[in-house]
$ cat final14.cif   # mmCIF, C-alpha atoms
data_target
#
loop_
_atom_site.label_atom_id
_atom_site.label_comp_id
_atom_site.auth_asym_id
_atom_site.auth_seq_id
_atom_site.Cartn_x
_atom_site.Cartn_y
_atom_site.Cartn_z
CA MET V 910 14.10 112.68 86.05
CA SER V 911 15.12 109.73 83.92
CA GLY V 912 14.55 108.24 80.50
CA GLU V 913 15.04 110.85 77.80
CA SER V 914 16.20 113.47 80.29
CA SER V 915 19.97 113.03 80.21
CA VAL V 916 21.78 115.21 77.71
CA SER V 917 25.44 114.69 78.41
CA GLY V 918 25.93 110.95 78.39
CA GLU V 919 27.41 108.72 75.75
CA SER V 920 24.06 107.90 74.18
CA GLY V 921 24.05 111.02 72.03
CA VAL V 922 21.31 113.65 71.99
CA SER V 923 19.92 112.48 75.30
CA GLY V 924 20.12 109.53 77.64
CA GLU V 925 17.69 106.69 77.97
CA VAL V 926 16.74 103.80 80.18
CA GLY V 927 14.13 101.11 79.76
CA THR V 928 13.26 98.18 77.55
CA GLY V 929 11.47 97.51 74.32
CA GLY V 930 9.09 94.81 73.16
CA GLY V 931 9.90 91.15 73.59
CA ALA V 932 11.77 89.45 76.39
CA GLY V 933 14.30 91.48 78.36
CA PRO V 934 17.94 91.11 77.35
CA ALA V 935 19.25 90.00 80.71
CA GLY V 936 20.69 86.84 79.25
CA ALA V 937 22.39 88.68 76.41
CA ALA V 938 23.73 91.61 78.37
CA ALA V 939 24.28 90.38 81.87
CA GLY V 940 26.53 87.37 82.41
CA GLY V 941 29.31 87.42 84.97
CA GLY V 942 28.42 87.11 88.63
CA ASP V 943 29.70 84.24 90.72
CA ALA V 944 31.16 81.43 88.73
CA ALA V 945 30.85 77.82 89.75
CA GLY V 946 32.72 77.12 92.94
CA GLY V 947 32.12 80.65 94.24
CA ALA V 948 34.92 82.40 92.31
CA ALA V 949 33.84 86.02 91.90
CA GLN V 950 33.80 87.61 88.48
CA GLY V 951 33.83 91.33 87.85
CA GLY V 952 33.53 93.95 85.18
CA ARG V 953 30.51 95.62 83.63
CA SER V 954 28.47 92.46 82.97
CA ALA V 955 28.96 91.13 86.48
CA GLN V 956 27.92 94.49 87.91
CA LEU V 957 24.65 94.30 86.00
CA LYS V 958 23.92 90.79 87.17
CA HIS V 959 24.73 91.71 90.76
CA THR V 960 22.13 94.50 90.79
CA GLY V 961 19.35 92.06 89.93
CA LEU V 962 17.89 94.71 87.61
CA ARG V 963 16.39 93.84 84.23
CA PRO V 964 18.05 95.65 81.32
CA GLY V 965 16.20 96.35 78.10
CA TRP V 966 16.23 97.89 74.62
CA THR V 967 16.66 101.48 73.47
CA THR V 968 14.16 103.42 71.39
CA GLY V 969 16.69 103.03 68.59
CA ALA V 970 16.40 99.24 68.86
CA CYS V 971 12.59 99.51 68.88
CA ALA V 972 12.69 101.71 65.77
CA THR V 973 15.09 99.29 64.05
CA ALA V 974 12.76 96.38 64.76
CA ALA V 975 9.79 98.32 63.41
CA THR V 976 11.78 99.36 60.32
CA THR V 977 12.81 95.77 59.64
CA ALA V 978 9.26 94.50 59.96
CA ALA V 979 7.76 97.24 57.79
CA TYR V 980 10.30 96.89 54.98
CA THR V 981 9.97 93.10 55.04
CA ALA V 982 6.20 93.48 54.67
CA LEU V 983 6.67 95.83 51.73
CA LEU V 984 8.82 93.29 49.90
CA THR V 985 7.02 90.07 50.90
CA GLY V 986 3.47 91.06 51.77
CA GLY V 987 3.77 89.74 55.35
CA PHE V 988 5.00 91.14 58.65
CA PRO V 989 7.46 89.02 60.64
CA ASP V 990 6.09 88.80 64.19
CA PRO V 991 8.11 88.65 66.31
CA VAL V 992 10.80 90.43 64.35
CA THR V 993 14.44 89.70 65.16
CA ILE V 994 17.24 92.23 64.76
CA THR V 995 21.00 92.20 65.37
CA LEU V 996 22.43 94.79 67.76
CA PRO V 997 25.92 96.35 67.48
CA ARG V 998 27.37 93.86 69.98
CA GLY V 999 25.80 90.84 68.34
CA GLN V 1000 22.69 90.26 70.49
CA THR V 1001 19.66 89.13 68.49
CA PRO V 1002 16.51 90.17 70.38
CA ALA V 1003 13.01 89.53 69.07
CA PHE V 1004 10.29 92.17 69.29
CA ALA V 1005 6.52 91.67 69.23
CA LEU V 1006 4.63 94.00 66.90
CA ALA V 1007 1.81 96.19 68.20
CA VAL V 1008 1.01 97.77 64.82
CA GLU V 1009 0.89 96.28 61.31
CA GLU V 1010 -0.37 98.38 58.39
CA LEU V 1011 0.40 97.55 54.75
CA GLY V 1012 -0.55 99.98 52.00
CA ASP V 1013 0.39 100.87 48.45
CA GLY V 1014 4.12 101.52 48.40
CA GLN V 1015 4.44 101.88 52.16
CA ALA V 1016 4.09 99.91 55.37
CA THR V 1017 3.96 100.80 59.07
CA ALA V 1018 5.00 98.69 62.05
CA GLY V 1019 5.05 99.60 65.72
CA VAL V 1020 6.74 98.35 68.92
CA VAL V 1021 5.72 99.26 72.48
CA LYS V 1022 8.61 100.27 74.72
CA ASP V 1023 8.74 98.67 78.17
CA ALA V 1024 10.82 100.61 80.72
CA GLY V 1025 11.78 97.47 82.64
CA ASP V 1026 13.33 98.02 86.06
CA ASP V 1027 14.11 101.71 85.77
CA PRO V 1028 11.62 104.61 85.79
CA ASP V 1029 11.45 106.10 82.32
CA VAL V 1030 9.26 108.79 80.85
CA THR V 1031 9.02 106.73 77.65
CA HIS V 1032 7.57 103.67 79.42
CA GLY V 1033 4.75 102.25 77.34
CA ALA V 1034 5.38 104.58 74.41
CA LEU V 1035 4.50 103.18 71.00
CA VAL V 1036 7.36 103.63 68.51
CA ARG V 1037 6.00 103.54 64.95
CA VAL V 1038 7.98 103.43 61.72
CA THR V 1039 6.56 103.95 58.26
CA VAL V 1040 8.76 102.75 55.41
CA ARG V 1041 8.00 104.12 51.94
CA LEU V 1042 9.63 102.90 48.72
CA LEU V 1043 11.76 105.45 46.87
CA PRO V 1044 13.19 105.42 43.32
CA PRO V 1045 16.46 103.51 42.87
CA GLY V 1046 19.46 105.57 43.85
CA SER V 1047 17.62 107.58 46.48
CA GLY V 1048 19.30 105.81 49.42
CA VAL V 1049 17.82 105.84 52.91
CA VAL V 1050 16.09 109.06 53.96
CA PHE V 1051 14.98 109.74 57.55
CA ARG V 1052 11.94 111.80 58.51
CA ALA V 1053 10.51 112.89 61.85
CA GLY V 1054 6.90 111.84 62.24
CA PRO V 1055 4.54 112.94 64.99
CA GLY V 1056 6.17 112.76 68.41
CA VAL V 1057 9.78 112.76 67.18
CA GLY V 1058 11.73 115.99 67.49
CA THR V 1059 13.66 118.04 64.96
CA VAL V 1060 17.08 119.57 65.69
CA THR V 1061 16.94 123.38 65.61
CA LEU V 1062 20.21 124.39 67.30
CA PRO V 1063 23.88 123.46 66.70
CA GLY V 1064 26.00 121.51 69.18
CA LEU V 1065 24.38 118.09 68.80
CA PRO V 1066 25.66 115.12 66.75
CA LEU V 1067 23.02 115.91 64.10
CA GLU V 1068 22.73 118.81 61.69
CA VAL V 1069 20.15 121.52 62.23
CA GLY V 1070 16.92 120.56 60.48
CA GLU V 1071 17.49 116.82 60.86
CA PRO V 1072 15.06 114.54 62.69
CA ALA V 1073 16.29 113.68 66.19
CA VAL V 1074 17.23 110.12 65.29
CA ASN V 1075 20.73 109.61 66.64
CA PRO V 1076 23.67 108.35 64.53
CA VAL V 1077 23.82 104.76 65.85
CA PRO V 1078 20.06 104.10 65.45
CA ARG V 1079 20.34 105.48 61.92
CA ARG V 1080 23.18 103.08 61.18
CA MET V 1081 21.24 100.17 62.66
CA MET V 1082 18.20 100.97 60.51
CA ARG V 1083 20.31 101.37 57.37
CA ASP V 1084 22.06 98.06 58.03
CA HIS V 1085 18.78 96.21 58.52
CA VAL V 1086 17.24 97.77 55.42
CA ALA V 1087 20.26 96.53 53.45
CA ARG V 1088 19.88 93.02 54.90
CA VAL V 1089 16.18 92.84 54.11
CA ALA V 1090 16.82 94.17 50.60
CA ALA V 1091 19.51 91.54 49.98
CA GLU V 1092 17.29 88.75 51.26
CA HIS V 1093 14.12 89.70 49.43
CA GLY V 1094 15.35 91.45 46.30
CA GLY V 1095 14.72 95.09 47.18
CA SER V 1096 16.77 98.11 46.13
CA GLY V 1097 17.22 99.41 49.70
CA ASP V 1098 16.00 102.87 48.65
CA VAL V 1099 13.44 103.92 51.26
CA GLU V 1100 12.10 106.78 53.31
CA ILE V 1101 11.93 105.95 57.04
CA THR V 1102 9.54 108.05 59.11
CA VAL V 1103 9.83 107.46 62.85
CA SER V 1104 6.96 108.49 65.14
CA VAL V 1105 6.20 108.11 68.84
CA ASP V 1106 2.59 108.24 70.03
CA ASP V 1107 2.18 111.20 72.42
CA GLY V 1108 5.89 111.89 72.00
CA GLU V 1109 5.51 115.66 72.00
CA GLU V 1110 3.70 115.51 75.34
CA ILE V 1111 6.25 113.06 76.80
CA ALA V 1112 9.11 115.30 75.63
CA ARG V 1113 7.93 118.06 77.98
CA SER V 1114 9.40 115.95 80.79
CA THR V 1115 12.82 115.93 79.11
CA TRP V 1116 15.56 118.45 78.31
CA ASN V 1117 14.84 118.32 74.57
CA VAL V 1118 13.28 121.77 74.30
CA ARG V 1119 16.25 123.35 76.09
CA LEU V 1120 18.53 121.64 73.58
CA GLY V 1121 16.54 122.97 70.66
CA ILE V 1122 14.97 119.60 69.84
CA LEU V 1123 11.41 120.62 69.06
CA GLY V 1124 8.32 118.58 68.34
CA GLY V 1125 8.99 115.46 70.36
CA LEU V 1126 11.44 112.88 71.62
CA SER V 1127 14.83 111.67 70.43
CA ILE V 1128 15.47 108.16 69.09
CA LEU V 1129 18.50 106.96 71.00
CA GLY V 1130 21.00 104.23 71.77
CA THR V 1131 24.63 103.29 71.14
CA THR V 1132 24.46 99.54 71.80
CA GLY V 1133 20.73 98.89 71.53
CA VAL V 1134 20.78 97.68 75.14
CA VAL V 1135 19.87 99.98 78.02
CA VAL V 1136 21.23 99.44 81.53
CA PRO V 1137 18.73 100.29 84.29
CA TYR V 1138 20.08 102.23 87.23
CA SER V 1139 18.84 101.98 90.79
CA CYS V 1140 21.08 104.22 92.88
CA SER V 1141 21.49 101.84 95.79
CA ALA V 1142 21.84 98.72 93.64
CA TRP V 1143 24.30 100.28 91.23
CA ILE V 1144 26.47 101.81 93.94
CA ASP V 1145 26.57 98.42 95.62
CA SER V 1146 27.67 96.89 92.31
CA ILE V 1147 30.48 99.48 92.02
CA ARG V 1148 31.76 98.46 95.43
CA ARG V 1149 31.63 94.81 94.43
CA GLY V 1150 33.61 95.64 91.29
CA VAL V 1151 36.35 97.34 93.30
CA ASP V 1152 36.48 94.40 95.73
CA VAL V 1153 36.82 91.90 92.89
CA ALA V 1154 39.58 93.93 91.21
CA ARG V 1155 41.51 94.18 94.49
CA ALA V 1156 41.09 90.47 95.18
CA ALA V 1157 42.55 89.77 91.73
CA ASP V 1158 45.54 91.97 92.67
CA LEU V 1159 44.82 94.43 89.87
CA ARG V 1160 46.75 97.65 90.36
CA HIS V 1161 44.97 99.75 87.73
CA VAL V 1162 41.17 100.10 87.47
CA ALA V 1163 39.00 102.43 85.40
CA GLY V 1164 35.72 104.12 86.30
CA CYS V 1165 33.76 104.52 83.07
CA THR V 1166 30.52 106.38 82.38
CA GLY V 1167 29.39 103.90 79.73
CA SER V 1168 30.32 101.40 77.07
CA THR V 1169 32.03 103.92 74.78
CA SER V 1170 34.43 105.10 77.50
CA GLU V 1171 34.98 101.48 78.48
CA ARG V 1172 36.20 100.71 74.96
CA THR V 1173 38.46 103.77 75.08
CA VAL V 1174 40.31 102.73 78.25
CA VAL V 1175 40.71 99.19 76.96
CA ALA V 1176 42.25 100.58 73.77
CA GLU V 1177 44.45 103.00 75.72
CA TYR V 1178 45.67 100.69 78.48
CA GLY V 1179 44.71 97.12 77.58
CA LEU V 1180 42.83 96.71 80.85
CA PRO V 1181 41.06 93.39 81.50
CA GLU V 1182 37.34 93.22 82.12
CA LEU V 1183 37.85 92.80 85.86
CA ALA V 1184 39.45 96.25 85.95
CA LEU V 1185 36.45 98.01 84.40
CA LEU V 1186 33.99 99.72 86.74
CA ASP V 1187 30.76 100.88 85.14
CA MET V 1188 30.23 103.91 87.36
CA GLY V 1189 27.48 105.44 85.21
CA ASP V 1190 26.65 108.77 86.84
CA PHE V 1191 28.02 107.76 90.25
CA ALA V 1192 31.55 109.19 90.16
CA GLY V 1193 31.37 109.95 93.86
CA ALA V 1194 30.57 106.34 94.70
CA VAL V 1195 33.75 105.17 92.96
CA LEU V 1196 35.97 107.80 94.55
CA LYS V 1197 34.63 107.38 98.09
CA TYR V 1198 34.91 103.59 97.99
CA VAL V 1199 38.40 103.65 96.48
CA ARG V 1200 39.36 106.13 99.20
CA ARG V 1201 38.55 103.45 101.79
CA HIS V 1202 39.77 100.52 99.65
CA PRO V 1203 42.68 101.89 97.63
CA VAL V 1204 44.06 100.67 94.32
CA GLU V 1205 47.37 101.85 92.94
CA ARG V 1206 45.88 103.73 89.99
CA LEU V 1207 42.41 104.90 88.96
CA THR V 1208 41.55 106.16 85.47
CA VAL V 1209 38.28 108.06 85.15
CA CYS V 1210 36.97 108.09 81.57
CA GLY V 1211 33.77 109.55 80.21
CA GLY V 1212 32.06 111.98 77.92
CA PHE V 1213 33.36 115.54 77.97
CA ALA V 1214 30.10 117.04 79.24
CA LYS V 1215 29.72 114.55 82.07
CA LEU V 1216 33.30 114.99 83.22
CA SER V 1217 32.94 118.76 83.06
CA LYS V 1218 30.41 118.31 85.88
CA LEU V 1219 33.00 116.39 87.91
CA ALA V 1220 35.49 119.18 87.19
CA ALA V 1221 32.93 121.66 88.55
CA GLY V 1222 32.68 119.66 91.78
CA HIS V 1223 29.63 117.48 91.14
CA LEU V 1224 29.91 113.84 92.24
CA ASP V 1225 26.52 112.80 90.81
CA LEU V 1226 26.66 113.27 87.04
CA HIS V 1227 22.98 112.54 86.27
CA SER V 1228 21.33 115.27 84.21
CA GLY V 1229 18.44 115.50 86.65
CA ARG V 1230 20.80 116.32 89.52
CA SER V 1231 23.62 118.29 87.92
CA GLN V 1232 23.98 120.35 84.76
CA VAL V 1233 26.86 121.43 82.55
CA ASP V 1234 28.08 124.77 83.94
CA LYS V 1235 28.93 126.83 80.88
CA PRO V 1236 30.15 129.90 82.81
CA PHE V 1237 32.54 127.50 84.57
CA LEU V 1238 33.71 126.20 81.18
CA ALA V 1239 34.23 129.78 80.04
CA ARG V 1240 36.42 130.46 83.08
CA LEU V 1241 38.48 127.35 82.33
CA ALA V 1242 38.80 128.39 78.69
CA ARG V 1243 40.13 131.80 79.70
CA ARG V 1244 42.88 130.00 81.60
CA GLY V 1245 43.72 128.27 78.33
CA GLY V 1246 43.96 131.51 76.37
CA ALA V 1247 40.36 132.15 75.30
CA ASP V 1248 39.51 135.78 74.63
CA GLU V 1249 36.29 137.40 75.82
CA GLU V 1250 34.50 136.81 72.52
CA LEU V 1251 35.18 133.08 72.74
CA ALA V 1252 34.26 133.00 76.43
CA ALA V 1253 30.92 134.64 75.61
CA GLY V 1254 30.34 132.07 72.89
CA ILE V 1255 31.00 129.25 75.35
CA GLU V 1256 28.49 130.67 77.82
CA ALA V 1257 25.91 130.93 75.03
CA ALA V 1258 26.61 127.45 73.62
CA ASN V 1259 23.68 125.07 73.37
CA THR V 1260 25.57 122.12 74.90
CA GLY V 1261 28.88 121.18 76.45
CA LEU V 1262 29.83 119.63 73.13
CA GLY V 1263 29.10 122.93 71.42
CA ALA V 1264 31.41 124.73 73.85
CA LEU V 1265 34.14 122.15 73.23
CA GLN V 1266 33.82 122.52 69.46
CA LEU V 1267 34.20 126.31 69.70
CA CYS V 1268 37.39 125.88 71.70
CA MET V 1269 38.81 123.22 69.42
CA ALA V 1270 38.28 125.52 66.44
CA ALA V 1271 40.10 128.30 68.30
CA GLY V 1272 42.97 126.08 69.47
CA VAL V 1273 42.00 126.38 73.15
CA PRO V 1274 42.55 123.03 74.96
CA LEU V 1275 39.29 123.01 76.90
CA GLY V 1276 39.19 119.20 76.91
CA ASP V 1277 42.57 118.98 78.63
CA LEU V 1278 41.61 121.72 81.08
CA VAL V 1279 38.45 119.84 82.05
CA ALA V 1280 40.39 116.59 82.43
CA VAL V 1281 43.04 118.17 84.66
CA THR V 1282 40.44 119.93 86.80
CA ALA V 1283 38.35 116.76 87.10
CA ARG V 1284 41.46 114.84 88.16
CA ASP V 1285 42.18 117.44 90.84
CA GLN V 1286 38.59 117.19 92.09
CA ALA V 1287 38.94 113.41 92.25
CA LEU V 1288 42.14 113.69 94.25
CA ALA V 1289 40.40 116.07 96.65
CA VAL V 1290 37.67 113.48 97.25
CA LEU V 1291 40.32 110.78 97.77
CA ARG V 1292 41.77 112.88 100.62
CA GLY V 1293 45.32 111.62 100.38
CA ALA V 1294 44.50 107.95 99.82
CA PRO V 1295 47.40 106.18 98.06
CA VAL V 1296 45.75 106.28 94.63
CA ALA V 1297 47.18 107.90 91.49
CA VAL V 1298 44.53 109.35 89.18
CA ASP V 1299 44.24 110.32 85.54
CA VAL V 1300 41.20 111.48 83.57
CA ILE V 1301 40.29 110.98 79.91
CA CYS V 1302 37.50 112.96 78.22
CA ILE V 1303 35.97 111.57 75.04
CA ASP V 1304 33.43 112.71 72.48
CA ARG V 1305 30.36 110.70 71.53
CA ALA V 1306 32.32 108.61 69.03
CA GLY V 1307 34.93 107.67 71.64
CA ALA V 1308 37.69 109.94 70.36
CA VAL V 1309 39.89 111.38 73.11
CA VAL V 1310 39.28 115.14 73.35
CA GLY V 1311 41.07 115.79 76.63
CA ARG V 1312 43.32 114.06 79.11
CA SER V 1313 45.34 114.70 82.23
CA GLU V 1314 48.65 113.34 83.38
CA VAL V 1315 48.67 110.75 86.12
CA LEU V 1316 49.01 112.40 89.51
CA GLY V 1317 49.39 110.77 92.90
CA PRO V 1318 48.02 111.75 96.30
CA ARG V 1319 48.62 115.23 97.63
#

$ encode --input "final14.cif" --output "structure tokens"
Amino acid sequence: MSGESSVSGESGVSGEVGTGGGAGPAGAAAGGGDAAGGAAQGGRSAQLKHTGLRPGWTTGACATAATTAAYTALLTGGFPDPVTITLPRGQTPAFALAVEELGDGQATAGVVKDAGDDPDVTHGALVRVTVRLLPPGSGVVFRAGPGVGTVTLPGLPLEVGEPAVNPVPRRMMRDHVARVAAEHGGSGDVEITVSVDDGEEIARSTWNVRLGILGGLSILGTTGVVVPYSCSAWIDSIRRGVDVARAADLRHVAGCTGSTSERTVVAEYGLPELALLDMGDFAGAVLKYVRRHPVERLTVCGGFAKLSKLAAGHLDLHSGRSQVDKPFLARLARRGGADEELAAGIEAANTGLGALQLCMAAGVPLGDLVAVTARDQALAVLRGAPVAVDVICIDRAGAVVGRSEVLGPR
């Protein structure tokens, strides 16, 4: 299961792979590879290029493009097609419009999502956005249209009752509304209704209902760019990354589950790009290859929920192949001083994040316990290889919520 099925990654409510309208972002997101003269380059961008897979755009990027086009049409009378947006890392993709509807006080634009080189349940889905003018001072208001879910349970990065439009896509849409308003003389006070054709049906192939997201899909993305994963190609790229780091005589590398954890280890340790391994869900691939090709130190950094799976003994962290084990988290919490009432609350929590929040409120260091246990699991996989390991758990914003000490081989 892919696309909107992952619930524990760094993308927020649920994970996502695939591309949106317009040309794929390979040029903007890839880079790296073999430089002139055959000198190998490494890091996340080189890994992507090495796979030969085409990356793409998130549903959040598609919704931002549709929002920009619709609001521009409201203020100017014409839809920009293609419509260009700016992503959080500075890429400026252009999206073709599949829908253009201009009415009295509102406009609708739509972008078709292309899943690119990774299977995705949202492939071909039409993301529509209707922008309606509001009185000055109203701000930007988000609504869930047909096919977009509503949050009904706590433990997600959105309040109960809110449309399942994740925080970064919301920020992107607000920023682009402000830019269009500044350029064309609008107030920036609008209602944004995001819809996905057949989204409620598509969502039945995801974990949204289990998370209490009812009525449809989630609008996702932290960078606007999605990285497609083919197991064999990505594992091969991990191995290449380790080889390049060793050839550069780097003694400290980091296996990261995504771009947010990558930024965290750079901030923590000042690691160069060559030291960064985008392991995605393939923690086992990193550990087994480093076991055969050791480096002096390995930091594993990722979202709390994903690394709780590693702590529980899972080496494949994909939501379709492993799930957060809340009874396991409850057992860890008891070791940290949790009483039975708190343990029961952890087992009943909607998500791993919800369990973590309960423990943080009670002063139980569940994040540290997960990090230490994940480190010990990693050392067990390394089987005495001369590699020291530490683990850092982060929340969706990149804040460190748990960490272990560095420990060498046993």

$ resolve_selection --input "final14.cif" --expression "the PyMOL selection byres ((chain V and resi 1210-1215) around 6)" --output "list of chain:residue names"
V:Ser917, V:Cys1165, V:Thr1166, V:Ser1170, V:Val1209, V:Leu1216, V:Ser1217, V:Lys1218, V:Leu1226, V:Gly1261, V:Val1300, V:Ile1301, V:Cys1302, V:Ile1303, V:Asp1304

$ closest_residue --input "final14.cif" --among "V:Arg998, V:Arg963, V:Arg1292, V:Arg1312" --to "Pro1274 in chain V" --atoms "all atoms listed in the file"
V:Arg1312

$ closest_atom_pairs --input "final14.cif" --of "range 1184-1246 of chain V" --to "range 1277-1290 of chain V" --cutoff "7 Å" --atoms "all atoms listed in the file" --output "Markdown table"
| residue | atom | partner | partner_atom | distance |
| --- | --- | --- | --- | --- |
| V:Leu1196 | CA | V:Val1290 | CA | 6.5 |
| V:Lys1197 | CA | V:Val1290 | CA | 6.9 |
| V:Leu1216 | CA | V:Ala1283 | CA | 6.6 |
| V:Ser1217 | CA | V:Val1279 | CA | 5.7 |
| V:Leu1219 | CA | V:Ala1283 | CA | 5.4 |
| V:Ala1220 | CA | V:Ala1283 | CA | 3.7 |
| V:Gly1222 | CA | V:Gln1286 | CA | 6.4 |
| V:Leu1241 | CA | V:Leu1278 | CA | 6.6 |

$ write_last_selection --input "final14.cif" --atoms "C-alpha atoms" --output "PDB file, keeping the file's coordinate frame"
ATOM      1  CA  LEU V1196      35.970 107.800  94.550  1.00  0.00           C
ATOM      2  CA  LYS V1197      34.630 107.380  98.090  1.00  0.00           C
ATOM      3  CA  LEU V1216      33.300 114.990  83.220  1.00  0.00           C
ATOM      4  CA  SER V1217      32.940 118.760  83.060  1.00  0.00           C
ATOM      5  CA  LEU V1219      33.000 116.390  87.910  1.00  0.00           C
ATOM      6  CA  ALA V1220      35.490 119.180  87.190  1.00  0.00           C
ATOM      7  CA  GLY V1222      32.680 119.660  91.780  1.00  0.00           C
ATOM      8  CA  LEU V1241      38.480 127.350  82.330  1.00  0.00           C
TER       9      LEU V1241
END

$ closest_residue --input "final14.cif" --among "V:Leu1207, V:Ala974, V:Val1021, V:Leu1267" --to "Gly1317 in chain V" --atoms "all atoms listed in the file"
V:Leu1207

$ atom_distance --input "final14.cif" --atom1 "CA of Thr1061 in chain V" --atom2 "CA of Val1273 in chain V"
26.3 Å

$ closest_residue --input "final14.cif" --among "V:Thr973, V:Ser1168, V:Asn1259, V:Thr967" --to "Asp1187 in chain V" --atoms "only C-alpha atoms"
V:Ser1168

$ closest_residue --input "final14.cif" --among "V:Leu996, V:Ile1122, V:Ala1184, V:Val1298" --to "Pro1063 in chain V" --atoms "all atoms listed in the file"
V:Ile1122

$ residues_around --input "final14.cif" --residues "Ala1242 in chain V" --least-positions-apart "4" --cutoff "9 Å" --atoms "only C-alpha atoms" --output "PyMOL selection string"
chain V and resi 1237-1238+1246-1248+1251-1252+1255+1268+1273-1275+1278

$ resolve_selection --input "final14.cif" --expression "the PyMOL selection byres ((chain V and resi 1066) around 9)" --output "list in words"
Gly921, Val922, Pro1063, Gly1064, Leu1065, Leu1067, Glu1068, Asn1075, Pro1076, Leu1262 and Arg1305 of chain V

$ write_last_selection --input "final14.cif" --atoms "C-alpha atoms" --output "short mmCIF file (atom, residue, chain, number, x, y, z; two decimals), in the coordinates of the input"
data_model
loop_
_atom_site.label_atom_id
_atom_site.label_comp_id
_atom_site.auth_asym_id
_atom_site.auth_seq_id
_atom_site.Cartn_x
_atom_site.Cartn_y
_atom_site.Cartn_z
CA GLY V 921 24.05 111.02 72.03
CA VAL V 922 21.31 113.65 71.99
CA PRO V 1063 23.88 123.46 66.70
CA GLY V 1064 26.00 121.51 69.18
CA LEU V 1065 24.38 118.09 68.80
CA LEU V 1067 23.02 115.91 64.10
CA GLU V 1068 22.73 118.81 61.69
CA ASN V 1075 20.73 109.61 66.64
CA PRO V 1076 23.67 108.35 64.53
CA LEU V 1262 29.83 119.63 73.13
CA ARG V 1305 30.36 110.70 71.53
#

$ axis_aligned_box --input "final14.cif" --around "range 1072-1088 of chain V" --padding-each-side "5 Å" --output "JSON"
{"center_x": 19.4, "center_y": 103.8, "center_z": 60.0, "size_x": 18.8, "size_y": 31.5, "size_z": 23.2}

$ atom_distance --input "final14.cif" --atom1 "CA of Asp1098 in chain V" --atom2 "CA of Leu1042 in chain V"
6.4 Å

$ resolve_selection --input "final14.cif" --expression "the PyMOL selection byres ((chain V and resi 1106) around 10)" --output "list in words"
Gly1019, Val1021, Gly1033, Ala1034, Leu1035, Val1036, Arg1037, Gly1054, Pro1055, Gly1056, Val1057, Ser1104, Val1105, Asp1107, Gly1108, Glu1109, Glu1110, Ile1111 and Gly1125 of chain V

$ atom_distance --input "final14.cif" --atom1 "CA of Val1040 in chain V" --atom2 "CA of Ala1016 in chain V"
5.5 Å

$ closest_residue --input "final14.cif" --among "V:Ser1047, V:Thr993, V:Thr968, V:Thr981" --to "Glu1009 in chain V" --atoms "all atoms listed in the file"
V:Thr981

$ residues_near_point --input "final14.cif" --point "(4.0, 100.1, 61.0)" --cutoff "10 Å" --atoms "only C-alpha atoms" --output "ChimeraX atom specification"
/V:975-980,982,988,1006-1011,1015-1020,1036-1040,1102-1104

$ closest_residue --input "final14.cif" --among "V:Pro997, V:Gly1124, V:Gly1254, V:Gly969" --to "Gln1266 in chain V" --atoms "all atoms listed in the file"
V:Gly1254

$ decode --input "final14.cif" --residues "range 1118-1125 of chain V" --atoms "N, CA, C and O atoms" --output "CSV table (one decimal), in the first residue's frame"
chain,number,residue,atom,x,y,z
V,1118,VAL,N,-9.4,6.3,7.8
V,1118,VAL,CA,-10.5,6.0,8.6
V,1118,VAL,C,-10.0,5.6,10.0
V,1118,VAL,O,-10.6,6.0,11.0
V,1119,ARG,N,-9.0,4.8,10.0
V,1119,ARG,CA,-8.4,4.3,11.3
V,1119,ARG,C,-7.9,5.4,12.2
V,1119,ARG,O,-7.9,5.4,13.4
V,1120,LEU,N,-7.5,6.5,11.5
V,1120,LEU,CA,-6.9,7.7,12.2
V,1120,LEU,C,-8.0,8.6,12.6
V,1120,LEU,O,-7.8,9.7,13.2
V,1121,GLY,N,-9.3,8.3,12.2
V,1121,GLY,CA,-10.4,9.3,12.5
V,1121,GLY,C,-10.5,10.4,11.5
V,1121,GLY,O,-11.1,11.4,11.8
V,1122,ILE,N,-9.9,10.2,10.3
V,1122,ILE,CA,-10.0,11.2,9.2
V,1122,ILE,C,-11.1,10.7,8.3
V,1122,ILE,O,-11.0,9.7,7.6
V,1123,LEU,N,-12.3,11.3,8.4
V,1123,LEU,CA,-13.5,10.8,7.8
V,1123,LEU,C,-13.9,11.7,6.6
V,1123,LEU,O,-13.8,12.9,6.7
V,1124,GLY,N,-14.4,11.0,5.6
V,1124,GLY,CA,-14.9,11.8,4.4
V,1124,GLY,C,-14.0,11.9,3.3
V,1124,GLY,O,-14.4,12.4,2.2
V,1125,GLY,N,-12.8,11.4,3.4
V,1125,GLY,CA,-11.9,11.5,2.2
V,1125,GLY,C,-10.4,11.5,2.5
V,1125,GLY,O,-10.0,11.0,3.6
